[in-house]
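**Q** Pasting query-v1.pdb below, which is PDB, C-alpha atoms and all ligand atoms.
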```pdb
ATOM      1  CA  MET G  52       0.000   0.000   0.000
ATOM      2  CA  ARG G  53       1.287   3.451  -0.894
ATOM      3  CA  ARG G  54       2.213   5.921   1.818
ATOM      4  CA  ARG G  55      -0.322   8.715   2.166
ATOM      5  CA  ILE G  56       1.464  11.946   2.935
ATOM      6  CA  VAL G  57       0.436  15.516   3.625
ATOM      7  CA  ALA G  58       3.522  17.742   3.710
ATOM      8  CA  GLY G  59       3.551  21.408   4.661
ATOM      9  CA  ASN G  60       6.253  23.442   2.932
ATOM     10  CA  TRP G  61       6.648  26.671   4.877
ATOM     11  CA  LYS G  62       8.960  28.112   2.182
ATOM     12  CA  MET G  63      10.732  31.251   3.546
ATOM     13  CA  ASN G  64       8.083  31.845   6.202
ATOM     14  CA  GLY G  65       7.887  31.156   9.901
ATOM     15  CA  SER G  66       9.434  32.077  13.214
ATOM     16  CA  LYS G  67      10.112  30.497  16.596
ATOM     17  CA  ASP G  68       6.725  31.796  17.668
ATOM     18  CA  LEU G  69       4.902  30.248  14.710
ATOM     19  CA  SER G  70       6.752  26.956  15.249
ATOM     20  CA  GLU G  71       5.582  26.846  18.872
ATOM     21  CA  LYS G  72       1.963  27.612  18.038
ATOM     22  CA  LEU G  73       1.577  25.635  14.845
ATOM     23  CA  VAL G  74       3.546  22.464  15.516
ATOM     24  CA  GLY G  75       2.037  21.908  18.956
ATOM     25  CA  TYR G  76      -1.458  22.218  17.499
ATOM     26  CA  VAL G  77      -0.723  19.997  14.497
ATOM     27  CA  ARG G  78       0.840  17.366  16.768
ATOM     28  CA  SER G  79      -2.117  17.304  19.138
ATOM     29  CA  GLU G  80      -4.744  17.268  16.377
ATOM     30  CA  THR G  81      -3.161  14.830  13.937
ATOM     31  CA  GLY G  82      -1.718  12.387  16.465
ATOM     32  CA  SER G  83      -5.127  10.721  16.629
ATOM     33  CA  LEU G  84      -5.847  10.652  12.881
ATOM     34  CA  ASP G  85      -7.091   7.239  11.829
ATOM     35  CA  ASN G  86      -6.751   7.743   8.075
ATOM     36  CA  GLY G  87      -3.170   6.530   7.899
ATOM     37  CA  VAL G  88      -1.772   9.835   6.698
ATOM     38  CA  GLU G  89       1.834  10.750   7.491
ATOM     39  CA  VAL G  90       2.077  14.425   8.361
ATOM     40  CA  VAL G  91       5.312  16.149   7.373
ATOM     41  CA  ILE G  92       6.448  19.678   8.209
ATOM     42  CA  ILE G  93       9.148  21.248   6.063
ATOM     43  CA  PRO G  94      10.224  24.517   7.724
ATOM     44  CA  PRO G  95      13.164  26.757   6.862
ATOM     45  CA  ALA G  96      16.327  24.900   7.912
ATOM     46  CA  LEU G  97      16.938  27.277  10.847
ATOM     47  CA  TYR G  98      13.742  26.045  12.498
ATOM     48  CA  VAL G  99      14.198  22.322  11.906
ATOM     49  CA  GLY G 100      15.541  21.796  15.437
ATOM     50  CA  ASP G 101      12.601  23.611  17.020
ATOM     51  CA  VAL G 102      10.077  21.761  14.872
ATOM     52  CA  LEU G 103      11.667  18.385  15.634
ATOM     53  CA  ARG G 104      11.588  19.098  19.364
ATOM     54  CA  LEU G 105       7.972  20.218  19.222
ATOM     55  CA  ALA G 106       6.835  17.438  16.873
ATOM     56  CA  GLN G 107       7.958  14.698  19.282
ATOM     57  CA  ASP G 108       7.887  11.973  16.617
ATOM     58  CA  ALA G 109       4.182  12.516  15.889
ATOM     59  CA  VAL G 110       5.039  14.549  12.800
ATOM     60  CA  SER G 111       7.887  13.930  10.339
ATOM     61  CA  VAL G 112      10.225  16.773   9.447
ATOM     62  CA  GLY G 113      12.087  17.693   6.276
ATOM     63  CA  VAL G 114      14.237  20.370   4.687
ATOM     64  CA  GLN G 115      13.382  22.396   1.601
ATOM     65  CA  ASN G 116      16.648  21.924  -0.269
ATOM     66  CA  VAL G 117      20.147  20.536   0.070
ATOM     67  CA  GLY G 118      23.369  21.347  -1.740
ATOM     68  CA  GLN G 119      25.111  19.150  -4.287
ATOM     69  CA  TRP G 120      27.845  18.280  -1.827
ATOM     70  CA  GLN G 121      28.004  16.599   1.564
ATOM     71  CA  ALA G 122      30.539  18.921   3.226
ATOM     72  CA  GLY G 123      33.192  21.493   2.462
ATOM     73  CA  ALA G 124      33.733  25.103   1.496
ATOM     74  CA  TYR G 125      30.219  25.829   0.203
ATOM     75  CA  THR G 126      29.133  28.852   2.213
ATOM     76  CA  GLY G 127      25.422  28.981   2.866
ATOM     77  CA  GLU G 128      24.684  25.393   1.887
ATOM     78  CA  ILE G 129      23.406  22.480   3.952
ATOM     79  CA  SER G 130      23.757  18.802   3.073
ATOM     80  CA  SER G 131      21.538  15.751   3.175
ATOM     81  CA  GLU G 132      23.933  14.248   5.748
ATOM     82  CA  MET G 133      23.277  17.268   7.975
ATOM     83  CA  ALA G 134      19.531  16.904   7.460
ATOM     84  CA  LYS G 135      19.794  13.270   8.494
ATOM     85  CA  ASP G 136      22.025  14.108  11.456
ATOM     86  CA  ALA G 137      19.504  16.719  12.613
ATOM     87  CA  GLY G 138      16.701  14.139  12.579
ATOM     88  CA  CYS G 139      14.923  14.871   9.292
ATOM     89  CA  ARG G 140      13.299  12.156   7.195
ATOM     90  CA  TYR G 141      12.472  14.127   4.052
ATOM     91  CA  VAL G 142      14.157  16.464   1.585
ATOM     92  CA  LEU G 143      12.334  18.493  -1.049
ATOM     93  CA  VAL G 144      14.259  18.436  -4.318
ATOM     94  CA  GLY G 145      13.671  20.518  -7.420
ATOM     95  CA  HIS G 146      10.807  22.678  -6.194
ATOM     96  CA  SER G 147       9.752  24.963  -9.036
ATOM     97  CA  GLU G 148      10.874  27.988  -6.993
ATOM     98  CA  ARG G 149      14.377  26.480  -6.859
ATOM     99  CA  ARG G 150      14.241  25.812 -10.583
ATOM    100  CA  GLN G 151      12.870  29.240 -11.557
ATOM    101  CA  LEU G 152      14.513  31.578  -9.039
ATOM    102  CA  PHE G 153      17.827  29.793  -8.534
ATOM    103  CA  GLY G 154      18.287  28.181 -11.936
ATOM    104  CA  GLU G 155      18.284  24.626 -10.631
ATOM    105  CA  THR G 156      18.577  22.186 -13.526
ATOM    106  CA  ASP G 157      17.341  18.630 -14.012
ATOM    107  CA  GLU G 158      20.963  17.471 -13.731
ATOM    108  CA  GLN G 159      21.330  19.149 -10.345
ATOM    109  CA  VAL G 160      18.031  17.637  -9.254
ATOM    110  CA  ALA G 161      19.334  14.182 -10.203
ATOM    111  CA  GLU G 162      22.578  14.752  -8.267
ATOM    112  CA  LYS G 163      20.702  15.926  -5.195
ATOM    113  CA  VAL G 164      18.326  12.955  -5.352
ATOM    114  CA  SER G 165      21.346  10.671  -5.410
ATOM    115  CA  LEU G 166      22.829  12.331  -2.303
ATOM    116  CA  VAL G 167      19.525  12.272  -0.444
ATOM    117  CA  LEU G 168      19.144   8.554  -1.106
ATOM    118  CA  ALA G 169      22.742   7.909  -0.070
ATOM    119  CA  SER G 170      21.909   9.589   3.246
ATOM    120  CA  GLY G 171      18.968   7.243   3.741
ATOM    121  CA  LEU G 172      16.377  10.012   3.534
ATOM    122  CA  THR G 173      13.297  10.247   1.325
ATOM    123  CA  ALA G 174      13.400  12.690  -1.584
ATOM    124  CA  ILE G 175      10.190  14.483  -2.507
ATOM    125  CA  VAL G 176      10.997  15.318  -6.112
ATOM    126  CA  CYS G 177       8.949  18.189  -7.509
ATOM    127  CA  VAL G 178       7.858  18.465 -11.135
ATOM    128  CA  GLY G 179       5.355  20.642 -12.934
ATOM    129  CA  GLU G 180       4.637  22.628 -16.079
ATOM    130  CA  THR G 181       4.241  26.369 -16.597
ATOM    131  CA  LEU G 182       1.001  27.918 -17.829
ATOM    132  CA  GLU G 183       2.521  28.472 -21.257
ATOM    133  CA  GLU G 184       3.525  24.816 -21.478
ATOM    134  CA  ARG G 185       0.034  23.705 -20.455
ATOM    135  CA  GLU G 186      -1.699  26.008 -22.893
ATOM    136  CA  SER G 187       0.495  24.791 -25.735
ATOM    137  CA  GLY G 188      -0.373  21.171 -24.978
ATOM    138  CA  GLN G 189       3.077  20.230 -23.673
ATOM    139  CA  ALA G 190       2.216  19.649 -20.012
ATOM    140  CA  GLU G 191       2.532  15.863 -20.032
ATOM    141  CA  SER G 192       5.720  15.782 -22.079
ATOM    142  CA  VAL G 193       7.399  18.475 -19.959
ATOM    143  CA  VAL G 194       6.522  16.701 -16.723
ATOM    144  CA  ALA G 195       7.557  13.315 -18.132
ATOM    145  CA  ALA G 196      10.953  14.759 -19.110
ATOM    146  CA  GLN G 197      11.423  16.208 -15.605
ATOM    147  CA  VAL G 198      10.560  12.856 -14.030
ATOM    148  CA  ARG G 199      12.945  10.941 -16.311
ATOM    149  CA  ALA G 200      15.809  13.395 -15.807
ATOM    150  CA  GLY G 201      15.337  14.070 -12.107
ATOM    151  CA  LEU G 202      15.108  10.390 -11.263
ATOM    152  CA  SER G 203      17.794   9.179 -13.663
ATOM    153  CA  SER G 204      20.181   8.636 -10.752
ATOM    154  CA  VAL G 205      17.695   6.237  -9.151
ATOM    155  CA  VAL G 206      17.596   4.092 -12.286
ATOM    156  CA  ARG G 207      21.404   3.965 -12.258
ATOM    157  CA  ALA G 208      21.662   3.232  -8.525
ATOM    158  CA  ALA G 209      23.333  -0.073  -7.659
ATOM    159  CA  SER G 210      20.334  -1.088  -5.557
ATOM    160  CA  SER G 211      17.667   0.716  -7.476
ATOM    161  CA  ALA G 212      14.872  -1.537  -6.175
ATOM    162  CA  SER G 213      15.416  -0.295  -2.627
ATOM    163  CA  ALA G 214      16.229   3.252  -3.789
ATOM    164  CA  TRP G 215      12.719   3.681  -5.236
ATOM    165  CA  LYS G 216      11.294   3.103  -1.744
ATOM    166  CA  ASN G 217      12.712   6.486  -0.772
ATOM    167  CA  ILE G 218      11.225   8.401  -3.685
ATOM    168  CA  VAL G 219       8.060  10.495  -3.571
ATOM    169  CA  VAL G 220       7.050  12.619  -6.560
ATOM    170  CA  ALA G 221       5.141  15.886  -6.105
ATOM    171  CA  TYR G 222       3.274  17.223  -9.138
ATOM    172  CA  GLU G 223       2.939  20.975  -8.796
ATOM    173  CA  PRO G 224       1.721  22.874 -11.854
ATOM    174  CA  VAL G 225       3.667  26.144 -11.648
ATOM    175  CA  TRP G 226       0.583  28.186 -12.547
ATOM    176  CA  ALA G 227      -1.249  26.818  -9.507
ATOM    177  CA  ILE G 228       1.416  27.600  -6.891
ATOM    178  CA  GLY G 229       0.383  30.422  -4.594
ATOM    179  CA  THR G 230      -2.118  31.715  -7.146
ATOM    180  CA  GLY G 231      -5.369  30.364  -5.743
ATOM    181  CA  LYS G 232      -5.849  28.495  -9.049
ATOM    182  CA  THR G 233      -5.914  24.749  -8.530
ATOM    183  CA  ALA G 234      -5.820  22.053 -11.155
ATOM    184  CA  THR G 235      -9.198  20.334 -11.261
ATOM    185  CA  ALA G 236      -9.191  16.989  -9.516
ATOM    186  CA  GLU G 237      -9.664  15.354 -12.945
ATOM    187  CA  ASP G 238      -6.692  17.178 -14.524
ATOM    188  CA  ALA G 239      -4.494  16.444 -11.517
ATOM    189  CA  GLN G 240      -5.518  12.780 -11.604
ATOM    190  CA  ALA G 241      -4.732  12.599 -15.337
ATOM    191  CA  MET G 242      -1.236  13.969 -14.761
ATOM    192  CA  HIS G 243      -0.633  11.662 -11.811
ATOM    193  CA  ALA G 244      -1.667   8.667 -13.914
ATOM    194  CA  SER G 245       0.702   9.851 -16.630
ATOM    195  CA  ILE G 246       3.571  10.198 -14.102
ATOM    196  CA  ARG G 247       2.875   6.698 -12.808
ATOM    197  CA  GLY G 248       3.093   5.449 -16.396
ATOM    198  CA  VAL G 249       6.469   7.155 -16.858
ATOM    199  CA  LEU G 250       7.756   5.613 -13.623
ATOM    200  CA  LYS G 251       6.631   2.201 -14.830
ATOM    201  CA  ASP G 252       8.478   2.722 -18.131
ATOM    202  CA  MET G 253      11.583   3.572 -16.097
ATOM    203  CA  GLY G 254      11.388   0.205 -14.353
ATOM    204  CA  ALA G 255      10.222   1.644 -11.047
ATOM    205  CA  PRO G 256       7.685  -0.101  -8.800
ATOM    206  CA  ALA G 257       5.230   2.577  -9.908
ATOM    207  CA  GLU G 258       2.237   1.305  -7.966
ATOM    208  CA  GLU G 259       4.193   1.653  -4.722
ATOM    209  CA  ILE G 260       5.433   5.217  -5.226
ATOM    210  CA  SER G 261       3.460   7.991  -3.547
ATOM    211  CA  LEU G 262       2.501  10.886  -5.801
ATOM    212  CA  LEU G 263       1.538  14.162  -4.134
ATOM    213  CA  TYR G 264      -0.358  17.086  -5.654
ATOM    214  CA  GLY G 265       0.649  20.652  -4.826
ATOM    215  CA  GLY G 266      -0.666  24.024  -5.931
ATOM    216  CA  SER G 267      -3.198  26.038  -3.932
ATOM    217  CA  VAL G 268      -4.486  23.042  -1.979
ATOM    218  CA  LYS G 269      -6.938  24.368   0.605
ATOM    219  CA  ALA G 270      -9.427  22.914   3.046
ATOM    220  CA  ASP G 271     -12.171  23.330   0.438
ATOM    221  CA  ASN G 272     -10.532  21.425  -2.412
ATOM    222  CA  ALA G 273      -8.463  18.795  -0.589
ATOM    223  CA  ALA G 274     -11.251  16.238  -0.341
ATOM    224  CA  ALA G 275     -11.850  16.150  -4.106
ATOM    225  CA  LEU G 276      -8.144  15.952  -4.916
ATOM    226  CA  PHE G 277      -7.376  13.286  -2.313
ATOM    227  CA  SER G 278     -10.267  11.121  -3.503
ATOM    228  CA  GLU G 279      -8.593  10.546  -6.858
ATOM    229  CA  PRO G 280      -6.984   7.107  -7.186
ATOM    230  CA  ASP G 281      -3.482   8.270  -8.131
ATOM    231  CA  ILE G 282      -3.259  11.229  -5.739
ATOM    232  CA  ASP G 283      -1.632   9.952  -2.575
ATOM    233  CA  GLY G 284      -1.446  13.215  -0.693
ATOM    234  CA  GLY G 285      -0.497  16.846  -0.950
ATOM    235  CA  LEU G 286       2.393  19.266  -0.801
ATOM    236  CA  ILE G 287       0.876  22.303   0.840
ATOM    237  CA  GLY G 288       2.328  25.814   0.821
ATOM    238  CA  GLY G 289       0.268  28.751   2.075
ATOM    239  CA  ALA G 290      -2.376  26.703   3.870
ATOM    240  CA  SER G 291       0.307  24.873   5.882
ATOM    241  CA  LEU G 292       1.045  28.121   7.728
ATOM    242  CA  VAL G 293      -2.455  28.224   9.220
ATOM    243  CA  ALA G 294      -2.697  25.457  11.809
ATOM    244  CA  GLU G 295      -6.441  24.848  11.521
ATOM    245  CA  ASP G 296      -6.336  24.806   7.711
ATOM    246  CA  PHE G 297      -3.398  22.414   7.594
ATOM    247  CA  VAL G 298      -5.052  20.055  10.069
ATOM    248  CA  SER G 299      -8.305  20.195   8.072
ATOM    249  CA  ILE G 300      -6.409  19.205   4.929
ATOM    250  CA  CYS G 301      -4.856  16.232   6.752
ATOM    251  CA  ARG G 302      -8.308  15.181   7.895
ATOM    252  CA  TYR G 303      -9.807  15.293   4.393
ATOM    253  CA  PHE G 304      -7.970  12.164   3.423
ATOM    254  CA  PRO G 305     -10.660   9.493   3.282
ATOM    255  CA  ALA G 306     -10.288   6.916   6.081
ATOM    256  CA  GLY G 307      -9.412   3.391   5.112
ATOM    257  CA  ALA G 308      -9.267   4.004   1.344
TER     258      ALA G 308
HETATM  259  O1  LIG Z 401       5.415  23.486  -1.908
HETATM  260  C1  LIG Z 401       4.245  23.877  -1.969
HETATM  261  C2  LIG Z 401       3.683  24.359  -3.192
HETATM  262  O2  LIG Z 401       4.548  25.181  -3.892
HETATM  263  C3  LIG Z 401       2.271  24.844  -3.130
HETATM  264  O3  LIG Z 401       2.186  26.136  -2.580
HETATM  265  P1  LIG Z 401       0.722  26.770  -2.351
HETATM  266  O4  LIG Z 401      -0.067  25.750  -1.601
HETATM  267  O5  LIG Z 401       0.972  28.018  -1.573
HETATM  268  O6  LIG Z 401       0.150  27.011  -3.708
END
```
Show me, as structure tokens, the structure contained in the file I just sent.

**A**
Amino acid sequence: MRRRIVAGNWKMNGSKDLSEKLVGYVRSETGSLDNGVEVVIIPPALYVGDVLRLAQDAVSVGVQNVGQWQAGAYTGEISSEMAKDAGCRYVLVGHSERRQLFGETDEQVAEKVSLVLASGLTAIVCVGETLEERESGQAESVVAAQVRAGLSSVVRAASSASAWKNIVVAYEPVWAIGTGKTATAEDAQAMHASIRGVLKDMGAPAEEISLLYGGSVKADNAAALFSEPDIDGGLIGGASLVAEDFVSICRYFPAGA
């Protein structure tokens, strides 16, 4: 059975105060969830320690990015080994904001995925098309190319069968991120099914890989999205900063499905 995951990406938001208020609430409200969902909080790296302390194992924790190296003279960078050492389980790789604002390439994504796996952490690999690409009918081919390139290091891994166990793919149409525009549940499902097909072509155990949807997921659209057969959870931005909204989204996962 695939892991069901709701991950909150705080992006460059948050504070010690927000960590205290939000994580305590999320921990107390989601600790009793019976729908099998794994709740993940991905704060700015400076707050990982606070969030881990407050989460007390009830909530998993991740970082938003790692460098392409494990240690050395790379001022400002953090590594997957450091994320592991700190107690994280997840690393976001290739978020569209990293790709667009910091010029991150598919090759860099593949290198980072390789390092994350070597550290024994789970990579949440983000893919998604721009509005222009969708309107010109290229959405599926663009996303397929990102999946193939970003996960190429998994195919080449010596123990690729076990490496796939630590891969999660997040489909986030760029035009839906932070805009209030969400892909319809049907369009999101179609893309998720397409991604699963690409993973199968790559030799991955596609039916076992969790695929998350991200892009303006809110309490009022989560139920429809999470009811789709190939949507195994969500990567939540803005709504993850509001404790009640984030908890509502975690609850919308249907029980026992
Ligand atoms: O990582 C999260 C996504 O970029 C979605 O952000 P959003 O929910 O604010 O649209």

**Q** For the file shown, report as a VMD selection string the outcome of the PyMOL selection byres (((chain G and resi 145) around 12) and not hetatm) at residue level.

**A** chain G and resid 115 to 119 142 to 144 146 to 164 174 to 179 197 to 198 200 to 202 220 to 223

**Q** Using only C-alpha atoms and all ligand atoms, what are the residues with an atom within 9 Å of ligand LIG 401 (chain Z), set out as JSON, numbers by chain?

**A** {"G": [58, 59, 60, 61, 62, 115, 143, 146, 147, 148, 177, 221, 223, 224, 225, 226, 227, 228, 229, 230, 231, 232, 233, 264, 265, 266, 267, 268, 269, 285, 286, 287, 288, 289, 290, 291]}

**Q** Could you state which residues are captured by the PyMOL selection byres (((chain G and resi 74-87) around 7) and not hetatm) in this file, as a count of residues only?

**A** 18

**Q** Measuring between all atoms listed in the file, which one of G:Asn272, G:Ser170, G:Ser131, G:Ser261 shows the shortest distance to G:Val57?

**A** G:Ser261

**Q** Find the distance between atom CA of G:Asp281 and atom CA of G:Val249 and write it in Å to one decimal.

**A**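 Taking atom CA of G:Asp281 as the start and atom CA of G:Val249 as the end point, the length is 13.3 Å.
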
**Q** Using only C-alpha atoms, find the one residue out of G:Ala124, G:Asp283, G:Glu186, G:Ile56 that sits nearest to G:Tyr141.

**A**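 Using only C-alpha atoms, the shortest distance to G:Tyr141 belongs to G:Ile56.
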
**Q** I'd like the contact shell of G:Ala244 - 9 Å cut-off, all atoms listed in the file, skipping same-chain residues fewer than 3 positions apart - returned as a PDB file with C-alpha atoms, in the coordinates of the input.

**A**
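around23.pdb was written with the following content:
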```pdb
ATOM      1  CA  ALA G 239      -4.494  16.444 -11.517  1.00  0.00           C
ATOM      2  CA  GLN G 240      -5.518  12.780 -11.604  1.00  0.00           C
ATOM      3  CA  ALA G 241      -4.732  12.599 -15.337  1.00  0.00           C
ATOM      4  CA  ARG G 247       2.875   6.698 -12.808  1.00  0.00           C
ATOM      5  CA  GLY G 248       3.093   5.449 -16.396  1.00  0.00           C
ATOM      6  CA  VAL G 249       6.469   7.155 -16.858  1.00  0.00           C
ATOM      7  CA  PRO G 280      -6.984   7.107  -7.186  1.00  0.00           C
ATOM      8  CA  ASP G 281      -3.482   8.270  -8.131  1.00  0.00           C
ATOM      9  CA  ILE G 282      -3.259  11.229  -5.739  1.00  0.00           C
TER      10      ILE G 282
END
```

**Q** What does the distance from atom CA of G:Ala214 to atom CA of G:Tyr98 come to in Å, to one decimal?

**A**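 The value is 28.1 Å.
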
**Q** Grab the atom CA of G:Lys216 to atom CA of G:Lys251 distance for me, in Å with one decimal place.

**A** 13.9 Å

**Q** Neighbours of G:Gly100 within 10 Å (only C-alpha atoms; same-chain residues fewer than 3 positions away dropped), as a ChimeraX atom specification?

**A** /G:94,96-97,103-106,112,137-139

**Q** Since I can't run it myself right now, could you work out what the PyMOL selection byres (((chain G and resi 132) around 9) and not hetatm) selects here and report it as a CSV table (one decimal) with C-alpha atoms, keeping the file's coordinate frame?

**A**
```csv
chain,number,residue,atom,x,y,z
G,121,GLN,CA,28.0,16.6,1.6
G,122,ALA,CA,30.5,18.9,3.2
G,129,ILE,CA,23.4,22.5,4.0
G,130,SER,CA,23.8,18.8,3.1
G,131,SER,CA,21.5,15.8,3.2
G,133,MET,CA,23.3,17.3,8.0
G,134,ALA,CA,19.5,16.9,7.5
G,135,LYS,CA,19.8,13.3,8.5
G,136,ASP,CA,22.0,14.1,11.5
G,137,ALA,CA,19.5,16.7,12.6
G,166,LEU,CA,22.8,12.3,-2.3
G,167,VAL,CA,19.5,12.3,-0.4
G,169,ALA,CA,22.7,7.9,-0.1
G,170,SER,CA,21.9,9.6,3.2
G,171,GLY,CA,19.0,7.2,3.7
G,172,LEU,CA,16.4,10.0,3.5
```

**Q** Padding 5 Å on every side, please: axis-aligned box over the listed atoms of stretch 141-157 of chain G, centre and edge lengths to one decimal in Å, as AutoDock Vina command-line options.

**A**
```
--center_x 14.2 --center_y 22.9 --center_z -5.0 --size_x 18.8 --size_y 27.5 --size_z 28.1
```

**Q** Since the input lacks atoms, please generate N, CA and C atoms for stretch 96-112 of chain G and provide them as a compact mmCIF listing (two decimals), in the frame of the given file.

**A**
```
# COMPACT_ATOMS: atom_id res chain seq x y z
N ALA G 96 15.36 25.75 7.20
CA ALA G 96 16.33 24.90 7.91
C ALA G 96 16.64 25.41 9.32
N LEU G 97 16.61 26.73 9.52
CA LEU G 97 16.94 27.28 10.85
C LEU G 97 15.96 26.82 11.93
N TYR G 98 14.76 26.43 11.51
CA TYR G 98 13.74 26.04 12.50
C TYR G 98 13.55 24.53 12.61
N VAL G 99 14.35 23.78 11.87
CA VAL G 99 14.20 22.32 11.91
C VAL G 99 14.34 21.79 13.34
N GLY G 100 15.32 22.28 14.07
CA GLY G 100 15.54 21.80 15.44
C GLY G 100 14.33 22.07 16.32
N ASP G 101 13.79 23.27 16.22
CA ASP G 101 12.60 23.61 17.02
C ASP G 101 11.43 22.72 16.64
N VAL G 102 11.23 22.55 15.33
CA VAL G 102 10.08 21.76 14.87
C VAL G 102 10.23 20.30 15.29
N LEU G 103 11.45 19.77 15.20
CA LEU G 103 11.67 18.39 15.63
C LEU G 103 11.37 18.22 17.12
N ARG G 104 11.82 19.17 17.91
CA ARG G 104 11.59 19.10 19.36
C ARG G 104 10.09 19.16 19.67
N LEU G 105 9.40 20.04 18.96
CA LEU G 105 7.97 20.22 19.22
C LEU G 105 7.13 19.08 18.65
N ALA G 106 7.61 18.48 17.56
CA ALA G 106 6.84 17.44 16.87
C ALA G 106 6.83 16.13 17.66
N GLN G 107 7.89 15.89 18.42
CA GLN G 107 7.96 14.70 19.28
C GLN G 107 7.58 13.41 18.57
N ASP G 108 8.10 13.21 17.38
CA ASP G 108 7.89 11.97 16.62
C ASP G 108 6.48 11.80 16.06
N ALA G 109 5.54 12.67 16.42
CA ALA G 109 4.18 12.52 15.89
C ALA G 109 4.10 13.05 14.46
N VAL G 110 5.03 13.91 14.11
CA VAL G 110 5.04 14.55 12.80
C VAL G 110 6.45 14.38 12.24
N SER G 111 6.56 14.03 10.96
CA SER G 111 7.89 13.93 10.34
C SER G 111 8.35 15.32 9.92
N VAL G 112 9.66 15.45 9.76
CA VAL G 112 10.22 16.77 9.45
C VAL G 112 11.17 16.65 8.25
```
